[in-house]
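Asks: A single structure is presented below for examination.
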Amino acid sequence: MLKIFTNNMEKLKEVKAIVPNSWIELTSPTEEEIKKVVTETGIEEELLTKLLDDDELPRIEVGNKGILIVIDTPYITDNNHKHKYNTYPIGLIISENHFITISLKDNQLLSDFKENKIKDLNVNKKIKFVIQILTRLAGLYQKELKDIDDDINSKEKTLYKSTNNKQLVNLLNIEKTLVYFYTSLKANDVVLEKLSRGNLITLYDEDKDLLEDAIIENKQAIEMATIYREILTSMTDTYATIISNNLNDVMKFLAGITIVFSVPTMIASFLGMNVPLGKAGESSISFIIIIVVSFVIAGVIAWILKRKNML
């Protein structure tokens with residue numbers, strides 16, 4: 001899919017044709033769309049086709065007519081499981097007359113820009129636009145990480161009483177997401193540090209301040225991912241033990257109940273044999289006596305098991 005945006009009265013407006021100083025968005029592009037962009041912008045086709053690989057790593061690459069910046073952005077891999085994320089690369093290409101973004105998936109990162117929710121957005125100022133995207137990306141990671149932390153806290157009470165693996169599997173999915181986030185944030189941090197040196201692109205004073213803010217936001221996201229991953233690892237180990245102990249308590253209770261109720265069963269079995277019981281079997285209240293004795297003995301056994309914390 002190919003979309004083109006230009007500035008119109010401090011807002012973005014979608015247009016049909018590629019014009020100078022426009023933002024060209026390529027999402028899972030076809031060969032025809034790539035050739036059109038290459039022909040009208042002069043950007044090397046190789047810079048565009050590299051981003052059609054999910055395994056591209058964050059980096060900065062300088063071409064003949066453009067600079068490629070690759071960053072990792074989060075996406076949901078399974079809508080049926082909350083906070084089951086992975087990351088995938090998105091490319092930002094800066095040329096003299098155009099700004100190009102290319103990715104294989106429609107992403108949340110650029111939606112606010114297209115909907116004019118970002119202040120002081122001007123695609124003519126390409127370096128500032130890149131830094132705004134990087135700042136927005138760090139904020140997106142922070143938002144998802146806060147949601148993950150809230151989800152972990154909401155599961156905490158349930159896990160104390162859990163005897164199955166469902167909640168534990170959910171925590172493992174979240175832990176995998178945190179690993180992806182941490183790895184991608186560290187890689188993005190390397191890209192930001194390279195940009196801050198000013199060797200590859202010229203940074204003005206305003207750009208330096210914005211880039212410094214982006215670096216700080218990204219490092220905060222890294223710290224959040226690190227802390228939450230450590231907490232979750234500890235919680236997973238602890239709750240695996242809790243689930244095992246809860247299951248042991250259930251089995252211990254069932255074993256104790258079985259012992260208690262086996263006593264009346266044995267007495268009834270012995271007395272139910274086809275043997276003479278003498279005077280005990282001739283009394284009109286024999287049945288009641290047998291029932292009372294059985295439950296008294298069962299009660300005594302239950303009390304002993306309770307004293308020994310076996311029931």
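The way I read the labels, and the way they are meant: chains A, B, ... in the order of the structure tokens, residue 1 as the first residue of every chain, and ligand 1 as the first ligand shown, with later ones counted on from there.
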Using only C-alpha atoms, which residues sit within 12 Å of region 37-39 of chain A once same-chain residues fewer than 5 positions away are excluded, as a ChimeraX atom specification?

Replies: /A:1-4,17-19,22-26,29-32,44-49,65-66,93,95,98-102

Asks: Taking only region 24-118 of chain A into account, list the residues labelled helix (DSSP H, G or I) by DSSP (computed from the backbone), as a list in words.

Replies: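 Checking each residue of region 24-118 of chain A, the helix (DSSP H, G or I) ones are Glu31, Glu32, Glu33, Ile34, Lys35, Lys36, Val37, Val38, Thr39, Glu40, Thr41, Glu45, Glu46, Leu47, Leu48, Thr49, Lys50, Leu51, Leu52, Ser111, Asp112, Phe113 and Lys114 of chain A.
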
Asks: Limited to N, CA, C and O atoms, could you put the picked residues into a file as a compact mmCIF listing (two decimals), in the first residue's frame?

Replies:
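Final file, part-v8.txt:
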```
# COMPACT_ATOMS: atom_id res chain seq x y z
N GLU A 31 5.62 -4.78 -5.90
CA GLU A 31 6.78 -4.44 -6.74
C GLU A 31 6.52 -3.17 -7.54
O GLU A 31 7.43 -2.35 -7.74
N GLU A 32 5.28 -3.00 -8.01
CA GLU A 32 4.94 -1.81 -8.79
C GLU A 32 5.07 -0.55 -7.95
O GLU A 32 5.57 0.49 -8.43
N GLU A 33 4.64 -0.62 -6.69
CA GLU A 33 4.74 0.55 -5.81
C GLU A 33 6.19 0.90 -5.51
O GLU A 33 6.58 2.07 -5.48
N ILE A 34 7.01 -0.13 -5.29
CA ILE A 34 8.43 0.12 -5.04
C ILE A 34 9.09 0.75 -6.26
O ILE A 34 9.85 1.72 -6.14
N LYS A 35 8.80 0.23 -7.44
CA LYS A 35 9.39 0.78 -8.67
C LYS A 35 8.94 2.22 -8.89
O LYS A 35 9.73 3.06 -9.35
N LYS A 36 7.69 2.52 -8.54
CA LYS A 36 7.20 3.88 -8.70
C LYS A 36 7.97 4.84 -7.80
O LYS A 36 8.38 5.93 -8.23
N VAL A 37 8.18 4.44 -6.55
CA VAL A 37 8.91 5.29 -5.61
C VAL A 37 10.36 5.45 -6.04
O VAL A 37 10.92 6.56 -6.00
N VAL A 38 10.97 4.36 -6.49
CA VAL A 38 12.37 4.42 -6.95
C VAL A 38 12.50 5.36 -8.14
O VAL A 38 13.42 6.20 -8.22
N THR A 39 11.57 5.26 -9.08
CA THR A 39 11.63 6.08 -10.29
C THR A 39 11.44 7.55 -9.99
O THR A 39 12.16 8.41 -10.52
N GLU A 40 10.50 7.88 -9.11
CA GLU A 40 10.16 9.29 -8.88
C GLU A 40 11.00 9.96 -7.80
O GLU A 40 10.99 11.18 -7.70
N THR A 41 11.69 9.18 -6.97
CA THR A 41 12.51 9.79 -5.91
C THR A 41 14.01 9.61 -6.14
O THR A 41 14.80 10.37 -5.57
N GLU A 45 16.75 1.11 -4.97
CA GLU A 45 15.75 0.08 -4.70
C GLU A 45 16.19 -0.83 -3.56
O GLU A 45 15.36 -1.33 -2.78
N GLU A 46 17.49 -1.02 -3.43
CA GLU A 46 18.01 -1.90 -2.39
C GLU A 46 17.65 -1.42 -1.00
O GLU A 46 17.37 -2.21 -0.09
N LEU A 47 17.64 -0.09 -0.79
CA LEU A 47 17.28 0.45 0.52
C LEU A 47 15.85 0.11 0.88
O LEU A 47 15.51 -0.10 2.06
N LEU A 48 14.98 0.06 -0.12
CA LEU A 48 13.57 -0.22 0.13
C LEU A 48 13.33 -1.71 0.34
O LEU A 48 12.59 -2.12 1.25
N THR A 49 13.93 -2.54 -0.50
CA THR A 49 13.66 -3.98 -0.44
C THR A 49 14.23 -4.64 0.81
O THR A 49 13.77 -5.70 1.22
N LYS A 50 15.24 -4.02 1.41
CA LYS A 50 15.81 -4.58 2.64
C LYS A 50 14.78 -4.66 3.76
O LYS A 50 14.85 -5.53 4.62
N LEU A 51 13.85 -3.73 3.75
CA LEU A 51 12.85 -3.67 4.83
C LEU A 51 11.71 -4.65 4.62
O LEU A 51 10.74 -4.64 5.38
N LEU A 52 11.80 -5.48 3.58
CA LEU A 52 10.79 -6.51 3.37
C LEU A 52 11.17 -7.81 4.06
O LEU A 52 10.61 -8.86 3.79
N SER A 111 0.25 6.08 13.23
CA SER A 111 -1.17 6.45 13.14
C SER A 111 -1.44 7.86 13.67
O SER A 111 -2.20 8.63 13.08
N ASP A 112 -0.80 8.21 14.80
CA ASP A 112 -1.03 9.55 15.38
C ASP A 112 -0.51 10.65 14.47
O ASP A 112 -1.06 11.76 14.44
N PHE A 113 0.56 10.37 13.73
CA PHE A 113 1.09 11.36 12.79
C PHE A 113 0.11 11.58 11.65
O PHE A 113 -0.17 12.73 11.26
N LYS A 114 -0.44 10.49 11.13
CA LYS A 114 -1.37 10.61 10.00
C LYS A 114 -2.69 11.26 10.42
O LYS A 114 -3.38 11.85 9.59
```

Asks: Which distance in Å separates CA of Ser184 (chain A) and CA of Asp72 (chain A), to one decimal?

Replies: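 Taking CA of Ser184 (chain A) and CA of Asp72 (chain A), their separation equals 5.7 Å.
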
Asks: For a quick check of understanding, using only C-alpha atoms, which of A:Asn124, A:Thr265, A:Thr73, A:Asn86 has the smallest distance to Phe5 (chain A)?

Replies: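 Result for the nearest residue to Phe5 (chain A): A:Asn124.
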
Asks: For a test of reading the model, state the distance in Å between CA of Asn173 (chain A) and CA of Arg59 (chain A), rounded to one decimal.

Replies: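 CA of Arg59 (chain A) lies 27.5 Å from CA of Asn173 (chain A).
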
Asks: Pick out the residues sitting within 12 Å of Lys208 (chain A), and hand them over as a VMD selection string; count only C-alpha atoms, and ignore anything fewer than 5 positions along from it in its own chain.

Replies: chain A and resid 127 to 128 131 to 132 192 to 193 195 to 198 201 to 203 213 to 215

Asks: Could those selected residues go to a file with C-alpha atoms, as an mmCIF file, in the first residue's frame?

Replies:
```cif
data_model
loop_
_atom_site.group_PDB
_atom_site.id
_atom_site.type_symbol
_atom_site.label_atom_id
_atom_site.label_comp_id
_atom_site.auth_asym_id
_atom_site.auth_seq_id
_atom_site.Cartn_x
_atom_site.Cartn_y
_atom_site.Cartn_z
ATOM 1 C CA ILE A 127 15.417 15.277 10.804
ATOM 2 C CA LYS A 128 12.922 16.690 13.295
ATOM 3 C CA ILE A 131 13.245 12.416 16.038
ATOM 4 C CA GLN A 132 9.504 12.885 16.661
ATOM 5 C CA LEU A 192 19.738 6.958 18.879
ATOM 6 C CA GLU A 193 23.279 7.203 20.214
ATOM 7 C CA LEU A 195 22.311 9.862 15.603
ATOM 8 C CA SER A 196 23.302 12.009 18.580
ATOM 9 C CA ARG A 197 26.931 12.107 17.445
ATOM 10 C CA GLY A 198 25.936 14.172 14.407
ATOM 11 C CA ILE A 201 23.106 13.755 9.753
ATOM 12 C CA THR A 202 23.340 17.437 10.564
ATOM 13 C CA LEU A 203 21.637 18.309 13.851
ATOM 14 C CA ASP A 213 14.537 13.816 25.030
ATOM 15 C CA ALA A 214 14.058 10.790 22.744
ATOM 16 C CA ILE A 215 17.172 9.135 24.196
#
```

Asks: Which residues are near region 288-294 of chain A? Cut-off 9 Å, only C-alpha atoms, ignore same chain within fewer than 3 positions. Put them as a list of chain:residue names.

Replies: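 Once the nearby chain positions are removed, what remains is A:Val263, A:Pro264, A:Thr265, A:Ile267, A:Ala268, A:Leu271, A:Ser284, A:Ile285, A:Ile297, A:Ala298, A:Gly299.
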
Asks: Interatomic distance between CA of Thr6 (chain A) and CA of Leu211 (chain A)?

Replies: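 Between CA of Thr6 (chain A) and CA of Leu211 (chain A) the gap is 23.3 Å.
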
Asks: Using only C-alpha atoms, find each residue of region 87-136 of chain A with at least one atom at most 8 Å away from an atom of region 10-14 of chain A; report its shortest atom-to-atom pair and that distance in Å (one decimal), sort the rows by chain and rising residue number, and return the result as JSON lines.

Replies:
```
{"residue": "A:Lys114", "atom": "CA", "partner": "A:Leu12", "partner_atom": "CA", "distance": 6.7}
{"residue": "A:Glu115", "atom": "CA", "partner": "A:Leu12", "partner_atom": "CA", "distance": 7.9}
{"residue": "A:Asn116", "atom": "CA", "partner": "A:Lys11", "partner_atom": "CA", "distance": 6.2}
{"residue": "A:Asp120", "atom": "CA", "partner": "A:Glu10", "partner_atom": "CA", "distance": 7.4}
{"residue": "A:Leu121", "atom": "CA", "partner": "A:Glu10", "partner_atom": "CA", "distance": 7.0}
{"residue": "A:Asn122", "atom": "CA", "partner": "A:Glu10", "partner_atom": "CA", "distance": 6.9}
```

Asks: Select, from A:Ile43, A:Ala240, A:Ile148, A:Ala221, the residue with the minimum atom-to-atom distance to Glu96 (chain A), counting only C-alpha atoms.

Replies: A:Ile43

Asks: When you count only C-alpha atoms, which of these residues is closest to Lys125 (chain A): A:Ile242, A:Val260, A:Leu137, A:Ile94?

Replies: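 Among A:Ile242, A:Val260, A:Leu137, A:Ile94, it is A:Ile94 that comes nearest to Lys125 (chain A).
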
Asks: For region 225-234 of chain A, work out the shell of residues within 8 Å, counting only C-alpha atoms and skipping chain neighbours fewer than 6 positions away, then give it as a list in words.

Replies: Leu145, Asp149, Ile152, Leu171, Glu175, Leu178, Val179, Phe181 and Tyr182 of chain A

Asks: Nearest to Val190 (chain A) among A:Lys219, A:Arg136, A:Arg307, A:Lys166, with distances taken over only C-alpha atoms: which residue is it?

Replies: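 Looking at the shortest contact to Val190 (chain A), the residue is A:Lys219.
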
Asks: I want to know what sits within 7 Å of Ile60 (chain A), based on only C-alpha atoms, with residues of the same chain fewer than 3 positions away left out; could you give that as a list in words?

Replies: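 Result of the neighbour search: Leu68, Ile69, Val70 and Val191 of chain A.
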
Asks: Put those residues in a file: all heavy atoms, as a PDB file, in the first residue's frame.

Replies:
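Output below, filename again-v2.pdb:
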```pdb
ATOM      1  N   LEU A  68      19.189   5.438   5.477  1.00  0.00           N
ATOM      2  CA  LEU A  68      18.197   4.498   5.998  1.00  0.00           C
ATOM      3  C   LEU A  68      18.401   4.327   7.497  1.00  0.00           C
ATOM      4  O   LEU A  68      19.503   4.019   7.953  1.00  0.00           O
ATOM      5  CB  LEU A  68      18.331   3.145   5.302  1.00  0.00           C
ATOM      6  CG  LEU A  68      17.522   1.981   5.903  1.00  0.00           C
ATOM      7  CD1 LEU A  68      16.024   2.255   5.801  1.00  0.00           C
ATOM      8  CD2 LEU A  68      17.889   0.667   5.238  1.00  0.00           C
ATOM      9  N   ILE A  69      17.320   4.540   8.254  1.00  0.00           N
ATOM     10  CA  ILE A  69      17.320   4.304   9.695  1.00  0.00           C
ATOM     11  C   ILE A  69      16.311   3.201   9.982  1.00  0.00           C
ATOM     12  O   ILE A  69      15.123   3.350   9.684  1.00  0.00           O
ATOM     13  CB  ILE A  69      16.947   5.579  10.480  1.00  0.00           C
ATOM     14  CG1 ILE A  69      17.927   6.715  10.158  1.00  0.00           C
ATOM     15  CG2 ILE A  69      16.930   5.303  11.982  1.00  0.00           C
ATOM     16  CD1 ILE A  69      17.511   8.053  10.735  1.00  0.00           C
ATOM     17  N   VAL A  70      16.783   2.099  10.528  1.00  0.00           N
ATOM     18  CA  VAL A  70      15.907   0.965  10.843  1.00  0.00           C
ATOM     19  C   VAL A  70      15.682   0.917  12.344  1.00  0.00           C
ATOM     20  O   VAL A  70      16.647   0.955  13.123  1.00  0.00           O
ATOM     21  CB  VAL A  70      16.512  -0.365  10.359  1.00  0.00           C
ATOM     22  CG1 VAL A  70      15.547  -1.517  10.622  1.00  0.00           C
ATOM     23  CG2 VAL A  70      16.845  -0.304   8.877  1.00  0.00           C
ATOM     24  N   VAL A 191      20.913   3.022  17.872  1.00  0.00           N
ATOM     25  CA  VAL A 191      20.603   3.917  16.752  1.00  0.00           C
ATOM     26  C   VAL A 191      20.530   5.362  17.221  1.00  0.00           C
ATOM     27  O   VAL A 191      21.079   6.275  16.586  1.00  0.00           O
ATOM     28  CB  VAL A 191      19.279   3.499  16.080  1.00  0.00           C
ATOM     29  CG1 VAL A 191      18.850   4.531  15.040  1.00  0.00           C
ATOM     30  CG2 VAL A 191      19.428   2.133  15.428  1.00  0.00           C
TER      31      VAL A 191
END
```
